[in-house]
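Read the structure below first, then the notes.
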Amino acid sequence: MRRGAPGITGIVWGQHLMTRLNAILFDLDDTLLGNDMDVFLSHYFPMVSTYVNPRFDQELFMRELLRSTQAMIADQDPDKTNREVFWEEFCKGTSIAQEEMEPFVNTFYEEQFGKMQKYTTTRPIASKIIQLCFRNKIKVVIATNPLFPLRAIEHRLDWAGIPVDQYDYMLVTAYENMHSAKPHQSYYLEILDLINSQPERTMMVGDDWDNDIVPASSLGMYTYLINHGDDVPLEHQTRISGHGSLENLYGRLNDGWLF
């Protein structure tokens with residue numbers, strides 16, 4: 001076990017010494033998969049709008065899609081999955097029955113969503129780091145913000161070169177199986193409960209400071225910020241255990257850091 005490696009705090013948050021990892025949570029977009037979400041969504045929303053026309057009113061559909069998504073993000077009811085929250089809000093706002101709309105939306109993700117691949121980039125290091133984790137018997141979670149159906153996330157894992165039919169992930173978070181979303185701590189607590197791991201033996205890897213780093217570190221998890229080697233402000237350094245590119249993280253783990 002190495003201590004004091006560059007960019008890594010020797011004592012995490014001043015509370016516990018580095019211990020062997022039991023699990024790693026990986027964000028997906030702009031972490032394992034090259035996917036600038038601003039670019040991606042600028043093409044995704046017009047595709048959805050075109051798909052629903054002329055069957056449904058486009059303006060109403062898109063407005064309620066966005067509003068219902070925000071409702072998912074805000075909700076933390078442990079008795080309702082994100083999917084249940086979304087459809088409850090969407091159907092209330094559109095007066096369209098879930099039984100009519102959900103199969104229509106599922107067909108979109110099955111038959112149309114795959115066309116979005118061209119706006120993403122495969123990162124070859126992603127499969128190497130996932131394989132490294134499995135070789136070291138680390139529980140691997142795909143901890144993408146669970147605002148999409150599982151099928152949409154499976155597509156993105158395919159594009160990343162780490163499909164679910166090749167890797168036995170402990171958990172892939174999706175709107176069907178989670179009861180809250182990023183940046184809530186409840187999202188991370190639910191994952192820890194589902195995979196039976198402790199915060200001090202779990203690391204969150206992601207590119208988003210507010211969604212990935214702050215809530216995970218607040219719970220006492222290790223955190224690795226994907227920022228391609230950019231300097232981290234001094235006042236933020238106690239919240240991260242390391243930072244840099246995914247390639248950099250692979251090198252550290254391969255050298256035995258936290259394994």
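In the structure tokens, each chain is lettered A, B, ... as it comes, each chain's residues begin at 1, and ligands are numbered from 1 in order of appearance.
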
Using only C-alpha atoms, find each residue of range 60-141 of chain A with at least one atom at most 9 Å away from an atom of range 169-185 of chain A; report its shortest atom-to-atom pair and that distance in Å (one decimal), sort the rows by chain and rising residue number, and return the result as CSV.
```
residue,atom,partner,partner_atom,distance
A:Met72,CA,A:Ser180,CA,7.1
A:Ile73,CA,A:Ala181,CA,5.4
A:Ala74,CA,A:Ala181,CA,7.8
A:Asp75,CA,A:Ser180,CA,6.2
A:Gln76,CA,A:Ser180,CA,4.9
A:Asp77,CA,A:His179,CA,6.5
A:Pro78,CA,A:His179,CA,5.5
A:Asp79,CA,A:His179,CA,7.3
A:Lys80,CA,A:His179,CA,5.9
A:Thr81,CA,A:His179,CA,4.3
A:Asn82,CA,A:Tyr175,CA,4.8
A:Arg83,CA,A:Tyr175,CA,5.0
A:Glu84,CA,A:Glu176,CA,8.0
A:Val85,CA,A:His179,CA,8.9
A:Phe86,CA,A:Tyr175,CA,8.7
A:Lys139,CA,A:Met170,CA,5.9
A:Val140,CA,A:Tyr169,CA,5.4
A:Val141,CA,A:Leu171,CA,4.9
```

Restrict the calculation to only C-alpha atoms, then for each residue of range 26-83 of chain A with any atom at most 10 Å from an atom of range 93-106 of chain A give the closest atom pair and their distance in Å to one decimal, rows by chain and rising residue number, as a tab-separated table.
```
residue	atom	partner	partner_atom	distance
A:Val48	CA	A:Val105	CA	9.1
A:Tyr51	CA	A:Val105	CA	9.3
A:Val52	CA	A:Phe104	CA	8.8
A:Phe56	CA	A:Ile96	CA	9.5
A:Asp57	CA	A:Thr94	CA	9.5
A:Leu60	CA	A:Thr94	CA	7.0
A:Phe61	CA	A:Thr94	CA	7.3
A:Arg63	CA	A:Gly93	CA	9.1
A:Glu64	CA	A:Gly93	CA	6.2
A:Leu65	CA	A:Gly93	CA	9.3
A:Arg67	CA	A:Gly93	CA	8.9
A:Ser68	CA	A:Gly93	CA	8.5
```

* range 9-161 of chain A: which residues are alpha helix (DSSP H) by DSSP, as an MDAnalysis selection string? -> chainID A and resid 37:52 58:74 82:94 98:111 125:135 150:159

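CA of Ser245 in chain A sits 10.3 Å away from CA of Gly206 in chain A.
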
* Of the candidates A:Asn211, A:Thr223, A:Gln237, A:Asn248, which shows the shortest atom-to-atom distance to Ile129 in chain A, using only C-alpha atoms? ->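 Closest to Ile129 in chain A, using only C-alpha atoms: A:Asn248.
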
* Spatial neighbours of Asp207 in chain A, max dist 8 Å, only C-alpha atoms, sep filter under 2 positions, as JSON, numbers by chain -> {"A": [27, 30, 31, 205, 209, 212, 225, 226, 227]}

Export of the given selection (C-alpha atoms) as a CSV table (one decimal), in the first residue's frame:
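Output file result.csv is given in full below:
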```
chain,number,residue,atom,x,y,z
A,27,ASP,CA,-19.9,7.7,-13.0
A,30,ASP,CA,-17.5,12.0,-19.2
A,31,THR,CA,-15.9,9.4,-16.9
A,205,VAL,CA,-15.0,8.1,-9.4
A,209,TRP,CA,-17.8,18.1,-8.4
A,212,ASP,CA,-20.0,13.0,-7.6
A,225,LEU,CA,-12.1,13.5,-9.6
A,226,ILE,CA,-11.7,13.0,-13.3
A,227,ASN,CA,-10.2,16.4,-14.3
```

* Quick one: distance from CA of Gly256 in chain A to CA of Arg20 in chain A in Å, one decimal? -> 9.7 Å

* So how far away is CA of Glu110 in chain A from CA of Asn145 in chain A, in Å? ->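 Between CA of Asn145 in chain A and CA of Glu110 in chain A the gap works out to 19.6 Å.
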
* To do: Determine which residues of range 6-254 of chain A receive a DSSP assignment of strand (DSSP E), computed from the backbone, and state them as a PyMOL selection string.
  => chain A and resi 11-12+16-17+23-26+33-34+121-122+139-142+171-172+202-206+222-226+242-244

Would you mind exporting the chosen residues as a compact mmCIF listing (two decimals), in the first residue's frame, restricted to C-alpha atoms?
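Generated file (out18.txt):
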```
# COMPACT_ATOMS: atom_id res chain seq x y z
CA ILE A 11 -5.27 10.92 5.63
CA VAL A 12 -8.68 11.24 4.05
CA HIS A 16 -9.38 7.66 8.63
CA LEU A 17 -6.21 6.25 7.17
CA ALA A 23 -16.11 -1.25 -3.97
CA ILE A 24 -15.70 1.42 -6.64
CA LEU A 25 -18.57 3.49 -8.00
CA PHE A 26 -18.00 4.85 -11.49
CA LEU A 33 -17.61 7.29 -21.68
CA GLY A 34 -16.60 10.43 -23.51
CA THR A 121 -16.44 8.69 -27.68
CA THR A 122 -15.18 5.33 -26.48
CA LYS A 139 -17.42 -4.62 -6.38
CA VAL A 140 -18.10 -2.43 -9.41
CA VAL A 141 -21.09 -0.10 -9.59
CA ILE A 142 -22.07 2.01 -12.59
CA LEU A 171 -25.28 -2.61 -9.66
CA VAL A 172 -26.15 -0.32 -12.57
CA THR A 202 -15.74 2.60 -1.12
CA MET A 203 -14.57 5.09 -3.74
CA MET A 204 -16.60 7.30 -6.06
CA VAL A 205 -14.99 8.15 -9.41
CA GLY A 206 -16.57 10.97 -11.40
CA TYR A 222 -12.85 8.01 -1.08
CA THR A 223 -13.29 10.18 -4.16
CA TYR A 224 -11.34 10.47 -7.41
CA LEU A 225 -12.08 13.51 -9.55
CA ILE A 226 -11.68 13.04 -13.29
CA GLY A 242 -6.96 11.81 -5.91
CA HIS A 243 -7.54 13.54 -9.22
CA GLY A 244 -6.44 13.33 -12.84
```
